[in-house]
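Next comes target.pdb, with PDB, C-alpha atoms.
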MODEL        1
ATOM      1  CA  MET W  26    -164.880 -10.875 129.324
ATOM      2  CA  ARG W  27    -161.181 -10.062 129.454
ATOM      3  CA  PHE W  28    -159.400  -8.914 126.302
ATOM      4  CA  LEU W  29    -155.759  -8.536 125.322
ATOM      5  CA  CYS W  30    -155.729  -5.739 122.744
ATOM      6  CA  PHE W  31    -152.859  -4.748 120.472
ATOM      7  CA  SER W  32    -152.071  -3.032 117.172
ATOM      8  CA  ASP W  33    -149.178  -1.916 114.997
ATOM      9  CA  LEU W  34    -146.649  -4.661 115.624
ATOM     10  CA  HIS W  35    -144.897  -3.719 112.375
ATOM     11  CA  ARG W  36    -142.894  -6.961 112.350
ATOM     12  CA  SER W  37    -141.713  -6.689 115.998
ATOM     13  CA  VAL W  38    -140.948 -10.198 117.210
ATOM     14  CA  ASP W  39    -140.243  -8.894 120.736
ATOM     15  CA  ALA W  40    -143.730  -7.376 120.921
ATOM     16  CA  ALA W  41    -145.299 -10.580 119.602
ATOM     17  CA  GLU W  42    -143.459 -12.670 122.204
ATOM     18  CA  ARG W  43    -144.734 -10.382 124.967
ATOM     19  CA  LEU W  44    -148.307 -10.840 123.712
ATOM     20  CA  VAL W  45    -147.936 -14.621 123.805
ATOM     21  CA  ARG W  46    -146.882 -14.375 127.458
ATOM     22  CA  LEU W  47    -149.803 -12.090 128.335
ATOM     23  CA  SER W  48    -152.380 -14.213 126.515
ATOM     24  CA  ASP W  49    -152.713 -16.673 129.413
ATOM     25  CA  GLN W  50    -154.384 -13.916 131.467
ATOM     26  CA  VAL W  51    -157.307 -13.232 129.094
ATOM     27  CA  ASP W  52    -160.279 -14.753 127.275
ATOM     28  CA  VAL W  53    -159.930 -13.197 123.806
ATOM     29  CA  ILE W  54    -157.060 -11.575 121.867
ATOM     30  CA  ILE W  55    -157.741  -8.600 119.569
ATOM     31  CA  GLY W  56    -155.223  -7.473 116.933
ATOM     32  CA  ALA W  57    -156.151  -4.169 115.275
ATOM     33  CA  GLY W  58    -153.920  -4.282 112.218
ATOM     34  CA  ASP W  59    -150.457  -3.456 110.881
ATOM     35  CA  PHE W  60    -148.677  -6.730 111.450
ATOM     36  CA  ALA W  61    -146.521  -6.028 108.376
ATOM     37  CA  ASN W  62    -144.519  -3.119 106.958
ATOM     38  CA  ARG W  63    -145.689  -2.124 103.483
ATOM     39  CA  HIS W  64    -146.950  -5.661 102.806
ATOM     40  CA  ALA W  65    -143.682  -7.292 103.890
ATOM     41  CA  GLY W  66    -142.997  -9.507 106.890
ATOM     42  CA  LEU W  67    -146.432 -10.757 107.946
ATOM     43  CA  SER W  68    -144.978 -14.100 108.975
ATOM     44  CA  ASP W  69    -142.447 -12.415 111.306
ATOM     45  CA  THR W  70    -145.077 -11.883 113.995
ATOM     46  CA  LEU W  71    -147.734 -14.420 113.012
ATOM     47  CA  SER W  72    -145.233 -17.252 113.344
ATOM     48  CA  VAL W  73    -144.866 -16.227 116.993
ATOM     49  CA  LEU W  74    -148.516 -15.349 117.672
ATOM     50  CA  GLN W  75    -149.700 -18.728 116.382
ATOM     51  CA  ASP W  76    -148.699 -20.157 119.786
ATOM     52  CA  ILE W  77    -151.714 -18.351 121.304
ATOM     53  CA  THR W  78    -154.567 -20.834 121.695
ATOM     54  CA  LYS W  79    -157.224 -18.403 122.988
ATOM     55  CA  PRO W  80    -159.714 -17.082 120.398
ATOM     56  CA  ALA W  81    -158.235 -14.163 118.455
ATOM     57  CA  ILE W  82    -159.896 -11.505 116.288
ATOM     58  CA  LEU W  83    -157.692  -9.751 113.710
ATOM     59  CA  VAL W  84    -158.225  -7.011 111.140
ATOM     60  CA  PRO W  85    -155.760  -5.810 108.504
ATOM     61  CA  GLY W  86    -154.004  -2.498 108.903
ATOM     62  CA  ASN W  87    -153.011  -0.214 106.069
ATOM     63  CA  GLY W  88    -149.727  -2.131 105.767
ATOM     64  CA  GLU W  89    -151.345  -5.403 104.651
ATOM     65  CA  THR W  90    -154.500  -6.289 102.763
ATOM     66  CA  TYR W  91    -157.348  -8.418 104.034
ATOM     67  CA  GLY W  92    -156.363 -11.185 101.644
ATOM     68  CA  GLU W  93    -152.727 -11.090 102.714
ATOM     69  CA  LEU W  94    -153.596 -11.267 106.404
ATOM     70  CA  ARG W  95    -156.257 -13.940 105.920
ATOM     71  CA  ASP W  96    -153.828 -16.161 104.030
ATOM     72  CA  ALA W  97    -150.882 -15.582 106.376
ATOM     73  CA  ALA W  98    -153.020 -16.170 109.477
ATOM     74  CA  GLN W  99    -153.974 -19.680 108.401
ATOM     75  CA  ILE W 100    -151.055 -20.898 110.523
ATOM     76  CA  TRP W 101    -152.769 -19.435 113.632
ATOM     77  CA  GLU W 102    -155.557 -21.901 114.302
ATOM     78  CA  SER W 103    -157.484 -19.868 116.882
ATOM     79  CA  ALA W 104    -157.485 -16.617 114.854
ATOM     80  CA  SER W 105    -160.339 -15.167 112.781
ATOM     81  CA  VAL W 106    -159.637 -12.368 110.286
ATOM     82  CA  LEU W 107    -162.501  -9.896 109.829
ATOM     83  CA  HIS W 108    -163.043  -7.114 107.302
ATOM     84  CA  GLY W 109    -166.587  -5.939 106.721
ATOM     85  CA  SER W 110    -167.590  -9.109 108.541
ATOM     86  CA  GLY W 111    -168.271 -10.464 112.006
ATOM     87  CA  CYS W 112    -168.340 -13.470 114.273
ATOM     88  CA  GLU W 113    -169.464 -14.480 117.756
ATOM     89  CA  ILE W 114    -167.460 -15.768 120.725
ATOM     90  CA  ASP W 115    -169.226 -16.971 123.879
ATOM     91  CA  GLY W 116    -172.332 -14.990 122.984
ATOM     92  CA  VAL W 117    -170.469 -11.723 122.278
ATOM     93  CA  SER W 118    -170.683 -10.244 118.769
ATOM     94  CA  PHE W 119    -167.538  -8.981 117.044
ATOM     95  CA  TRP W 120    -167.298  -6.858 113.892
ATOM     96  CA  GLY W 121    -164.101  -5.913 112.093
ATOM     97  CA  VAL W 122    -163.033  -3.381 109.468
ATOM     98  CA  GLY W 123    -159.390  -2.895 108.543
ATOM     99  CA  GLY W 124    -157.325  -0.511 106.451
ATOM    100  CA  GLY W 125    -156.552   3.182 106.648
ATOM    101  CA  ILE W 126    -159.753   5.267 106.918
ATOM    102  CA  PRO W 127    -159.942   7.902 105.525
ATOM    103  CA  VAL W 128    -157.395   7.502 102.713
ATOM    104  CA  THR W 129    -153.899   8.118 104.091
ATOM    105  CA  PRO W 130    -151.237  10.400 102.577
ATOM    106  CA  PHE W 131    -148.817   7.469 102.284
ATOM    107  CA  GLY W 132    -149.392   6.625  98.644
ATOM    108  CA  ALA W 133    -150.348   3.634  96.562
ATOM    109  CA  TRP W 134    -148.869   0.981  98.853
ATOM    110  CA  SER W 135    -151.264   1.839 101.688
ATOM    111  CA  TYR W 136    -154.417  -0.299 102.038
ATOM    112  CA  ASP W 137    -156.985   2.474 102.395
ATOM    113  CA  PHE W 138    -160.706   3.195 102.147
ATOM    114  CA  ASP W 139    -162.635   6.438 101.853
ATOM    115  CA  GLU W 140    -165.433   7.315 104.273
ATOM    116  CA  GLU W 141    -168.201   6.105 101.959
ATOM    117  CA  GLN W 142    -166.530   2.730 101.495
ATOM    118  CA  ALA W 143    -166.013   2.525 105.243
ATOM    119  CA  GLY W 144    -169.688   3.204 105.843
ATOM    120  CA  ASP W 145    -170.591   0.258 103.632
ATOM    121  CA  LEU W 146    -168.143  -2.012 105.497
ATOM    122  CA  LEU W 147    -169.561  -0.912 108.860
ATOM    123  CA  GLN W 148    -173.275  -0.961 108.057
ATOM    124  CA  ASP W 149    -173.965  -4.430 109.459
ATOM    125  CA  CYS W 150    -172.031  -3.911 112.700
ATOM    126  CA  PRO W 151    -174.191  -5.263 115.545
ATOM    127  CA  SER W 152    -175.128  -3.234 118.610
ATOM    128  CA  ALA W 153    -173.465  -3.568 122.021
ATOM    129  CA  GLY W 154    -170.677  -5.899 120.884
ATOM    130  CA  VAL W 155    -166.998  -5.345 120.076
ATOM    131  CA  LEU W 156    -165.829  -3.324 117.075
ATOM    132  CA  VAL W 157    -162.272  -3.882 115.867
ATOM    133  CA  VAL W 158    -160.957  -1.287 113.408
ATOM    134  CA  HIS W 159    -157.475  -0.245 112.390
ATOM    135  CA  SER W 160    -158.332   3.460 112.216
ATOM    136  CA  PRO W 161    -159.779   5.365 115.185
ATOM    137  CA  PRO W 162    -163.080   7.224 115.287
ATOM    138  CA  ILE W 163    -162.430  10.899 114.580
ATOM    139  CA  ASP W 164    -161.814  13.200 117.575
ATOM    140  CA  THR W 165    -160.981  10.383 119.991
ATOM    141  CA  VAL W 166    -157.556   8.685 120.157
ATOM    142  CA  ASP W 167    -156.412   9.985 116.783
ATOM    143  CA  GLN W 168    -154.001  12.906 117.240
ATOM    144  CA  ASP W 169    -150.693  12.647 115.411
ATOM    145  CA  SER W 170    -147.433  14.311 116.467
ATOM    146  CA  SER W 171    -148.560  17.656 115.019
ATOM    147  CA  GLN W 172    -151.879  17.431 116.959
ATOM    148  CA  ARG W 173    -153.884  16.852 113.787
ATOM    149  CA  VAL W 174    -156.844  14.506 114.133
ATOM    150  CA  ARG W 175    -156.573  11.585 111.738
ATOM    151  CA  GLY W 176    -159.576   9.446 112.557
ATOM    152  CA  SER W 177    -162.651   8.426 110.616
ATOM    153  CA  GLN W 178    -166.063  10.082 110.630
ATOM    154  CA  ALA W 179    -167.710   6.906 109.330
ATOM    155  CA  ILE W 180    -166.309   4.899 112.238
ATOM    156  CA  ARG W 181    -167.447   7.544 114.727
ATOM    157  CA  ASP W 182    -170.939   7.534 113.201
ATOM    158  CA  CYS W 183    -171.090   3.743 113.514
ATOM    159  CA  VAL W 184    -169.977   3.858 117.154
ATOM    160  CA  SER W 185    -172.502   6.569 117.984
ATOM    161  CA  GLU W 186    -175.324   4.554 116.419
ATOM    162  CA  LYS W 187    -174.426   0.985 117.415
ATOM    163  CA  GLN W 188    -172.753   1.716 120.779
ATOM    164  CA  PRO W 189    -170.351  -1.237 120.882
ATOM    165  CA  LYS W 190    -169.161  -1.900 124.420
ATOM    166  CA  LEU W 191    -165.532  -1.831 123.218
ATOM    167  CA  VAL W 192    -163.824  -0.312 120.170
ATOM    168  CA  VAL W 193    -160.217  -1.375 119.586
ATOM    169  CA  CYS W 194    -158.105   0.511 117.048
ATOM    170  CA  GLY W 195    -154.523   1.560 116.325
ATOM    171  CA  HIS W 196    -152.954   3.298 113.309
ATOM    172  CA  ILE W 197    -152.097   6.642 114.972
ATOM    173  CA  HIS W 198    -148.858   5.850 116.772
ATOM    174  CA  ASP W 199    -148.780   9.048 118.819
ATOM    175  CA  SER W 200    -152.026   8.008 120.531
ATOM    176  CA  TRP W 201    -151.032   4.446 121.480
ATOM    177  CA  GLU W 202    -152.600   3.236 124.742
ATOM    178  CA  GLU W 203    -154.879   6.278 124.942
ATOM    179  CA  ARG W 204    -158.565   5.816 125.743
ATOM    180  CA  ALA W 205    -161.752   7.766 125.072
ATOM    181  CA  GLU W 206    -165.508   7.307 125.221
ATOM    182  CA  ILE W 207    -168.356   7.886 122.802
ATOM    183  CA  GLY W 208    -171.558   7.483 124.777
ATOM    184  CA  ARG W 209    -171.323   4.069 126.446
ATOM    185  CA  SER W 210    -168.550   2.868 124.110
ATOM    186  CA  GLN W 211    -164.993   2.566 125.393
ATOM    187  CA  ILE W 212    -162.393   3.393 122.731
ATOM    188  CA  LEU W 213    -158.808   2.096 122.947
ATOM    189  CA  ASN W 214    -155.898   2.848 120.631
ATOM    190  CA  ALA W 215    -154.074  -0.308 121.619
ATOM    191  CA  GLY W 216    -150.449  -0.069 120.416
ATOM    192  CA  PRO W 217    -147.950  -2.925 120.292
ATOM    193  CA  ARG W 218    -147.270  -3.548 123.999
ATOM    194  CA  GLY W 219    -150.725  -5.000 124.623
ATOM    195  CA  VAL W 220    -153.464  -3.594 126.856
ATOM    196  CA  ILE W 221    -155.775  -5.790 128.947
ATOM    197  CA  MET W 222    -159.408  -4.641 129.117
ATOM    198  CA  ASP W 223    -162.246  -6.101 131.225
ATOM    199  CA  ILE W 224    -165.684  -5.518 129.698
ATOM    200  CA  GLU W 225    -169.055  -6.690 131.034
ATOM    201  CA  PHE W 226    -171.705  -7.847 128.543
TER     202      PHE W 226
ENDMDL
END

Can you turn what I pasted into structure tokens?
Amino acid sequence: MRFLCFSDLHRSVDAAERLVRLSDQVDVIIGAGDFANRHAGLSDTLSVLQDITKPAILVPGNGETYGELRDAAQIWESASVLHGSGCEIDGVSFWGVGGGIPVTPFGAWSYDFDEEQAGDLLQDCPSAGVLVVHSPPIDTVDQDSSQRVRGSQAIRDCVSEKQPKLVVCGHIHDSWEERAEIGRSQILNAGPRGVIMDIEF
């Protein structure tokens, strides 16, 4: 299965237009959060992305809530918004958890969850599927500009146990387009330009 993976559009119409062009080359689109900036401008990119007709899996970032993204994405007919929930496409299981994990230093506007809450949201993740999260697993693709790791232990624990074939995340801008592995799981911090991944199931 071929995936077009992206994250952190932050209202960039140019990035969204590029993703629409790339979407013809893939089977499934994965958007790992932060379509908006501090809850503003969700429609800026979704109004462009709605032209994609391939199945799309989205999770909220820390810049928009699950409810905000779910409601705004109603204009995109082929998109499914996941948060502590899953779906199946062509026999492949997908699970999604959005938000900043662990709680970010950005303040009250940020849509965040602590590690315990994240563990609850991840507990029903199926094995050997695709996990879409906004925040990276800790000690993978999660170094910020000061080389501090900013990922989630709960997400790493889930990946270690469930071994999804692909984990798509974003959130840490300094690690965009970087890849890592945990066991048999491929981890991608996607970034806004879009990365195409081929995964066998």

Å distance separating atom CA of Leu156 of chain W from atom CA of Cys194 of chain W, one decimal place: 8.6 Å

Given the PyMOL selection byres ((chain W and resi 222) around 8), the residues it picks as a PyMOL selection string: chain W and resi 27-30+220-221+223-224

Target residues per the PyMOL selection byres ((chain W and resi 110) around 6), formatted as an MDAnalysis selection string: chainID W and resid 107:109 111 120:121

Could those residues be written to a file, using C-alpha atoms, as a JSON list (two decimals), in the frame of the given file?
[["chain", "number", "residue", "atom", "x", "y", "z"],
["W", 107, "LEU", "CA", -162.50, -9.90, 109.83],
["W", 108, "HIS", "CA", -163.04, -7.11, 107.30],
["W", 109, "GLY", "CA", -166.59, -5.94, 106.72],
["W", 111, "GLY", "CA", -168.27, -10.46, 112.01],
["W", 120, "TRP", "CA", -167.30, -6.86, 113.89],
["W", 121, "GLY", "CA", -164.10, -5.91, 112.09]]

Test item: residues at most 10 Å from Ala40 of chain W, all atoms listed in the file, excluding those fewer than 6 positions along its chain, as an NGL selection string: :W and (31 or 33-34 or 70 or 73-74 or 216-219)

Segment 183-185 of chain W surroundings by only C-alpha atoms, 10 Å radius, close-in-sequence under 3 positions cut, as an NGL selection string: :W and (143-144 or 147-153 or 156 or 162 or 178-180 or 188-192 or 206-212)

Please save C-alpha atoms of the selected residues as an mmCIF file, in the frame of the given file.
data_model
loop_
_atom_site.group_PDB
_atom_site.id
_atom_site.type_symbol
_atom_site.label_atom_id
_atom_site.label_comp_id
_atom_site.auth_asym_id
_atom_site.auth_seq_id
_atom_site.Cartn_x
_atom_site.Cartn_y
_atom_site.Cartn_z
ATOM 1 C CA ALA W 143 -166.013 2.525 105.243
ATOM 2 C CA GLY W 144 -169.688 3.204 105.843
ATOM 3 C CA LEU W 147 -169.561 -0.912 108.860
ATOM 4 C CA GLN W 148 -173.275 -0.961 108.057
ATOM 5 C CA ASP W 149 -173.965 -4.430 109.459
ATOM 6 C CA CYS W 150 -172.031 -3.911 112.700
ATOM 7 C CA PRO W 151 -174.191 -5.263 115.545
ATOM 8 C CA SER W 152 -175.128 -3.234 118.610
ATOM 9 C CA ALA W 153 -173.465 -3.568 122.021
ATOM 10 C CA LEU W 156 -165.829 -3.324 117.075
ATOM 11 C CA PRO W 162 -163.080 7.224 115.287
ATOM 12 C CA GLN W 178 -166.063 10.082 110.630
ATOM 13 C CA ALA W 179 -167.710 6.906 109.330
ATOM 14 C CA ILE W 180 -166.309 4.899 112.238
ATOM 15 C CA GLN W 188 -172.753 1.716 120.779
ATOM 16 C CA PRO W 189 -170.351 -1.237 120.882
ATOM 17 C CA LYS W 190 -169.161 -1.900 124.420
ATOM 18 C CA LEU W 191 -165.532 -1.831 123.218
ATOM 19 C CA VAL W 192 -163.824 -0.312 120.170
ATOM 20 C CA GLU W 206 -165.508 7.307 125.221
ATOM 21 C CA ILE W 207 -168.356 7.886 122.802
ATOM 22 C CA GLY W 208 -171.558 7.483 124.777
ATOM 23 C CA ARG W 209 -171.323 4.069 126.446
ATOM 24 C CA SER W 210 -168.550 2.868 124.110
ATOM 25 C CA GLN W 211 -164.993 2.566 125.393
ATOM 26 C CA ILE W 212 -162.393 3.393 122.731
#

Answer key for the PyMOL selection byres ((chain W and resi 158) around 8), residues as a count of residues only: 16

Using 6 Å of padding on each side, determine the axis-aligned box around all atoms of segment 184-190 of chain W present in the file and give its centre and edge lengths in Å to one decimal, as AutoDock Vina command-line options.
--center_x -172.2 --center_y 2.3 --center_z 120.4 --size_x 18.2 --size_y 20.5 --size_z 20.0

Shell around Arg63 of chain W at 9 Å using all atoms listed in the file, local window under 2 positions removed, as a PyMOL selection string: chain W and resi 59+61+65-66+87-89+134-135

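Atom pair atom CA of Glu141 of chain W / atom CA of Thr165 of chain W has a distance of 19.9 Å (rounded to one decimal).
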
Protein and nucleic acid residues near (-150.6, 14.5, 111.9) (cut-off 12 Å, only C-alpha atoms) as a VMD selection string: chain W and resid 129 to 130 167 to 176 196 to 200

Gap from atom CA of His64 of chain W to atom CA of Ser32 of chain W - Å, one decimal: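 Taking atom CA of His64 of chain W as the start and atom CA of Ser32 of chain W as the end point, the length is 15.5 Å.
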
For Ser118 of chain W, the nearest of the candidates W:Lys187, W:Glu93, W:Phe138, W:Leu71, counting all atoms listed in the file: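 Answer, going by the shortest atom-to-atom distance: W:Lys187.
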
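If you measure from each of W:Ile77, W:Val155, W:Ala133, W:Leu83 to Glu113 of chain W using all atoms listed in the file, the closest one turns out to be W:Val155.
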
Within-10 Å shell of (-144.9, -16.0, 115.2) in input frame, only C-alpha atoms, as number ranges by chain: W: 36-38, 41-42, 45, 67-77, 98, 100-101
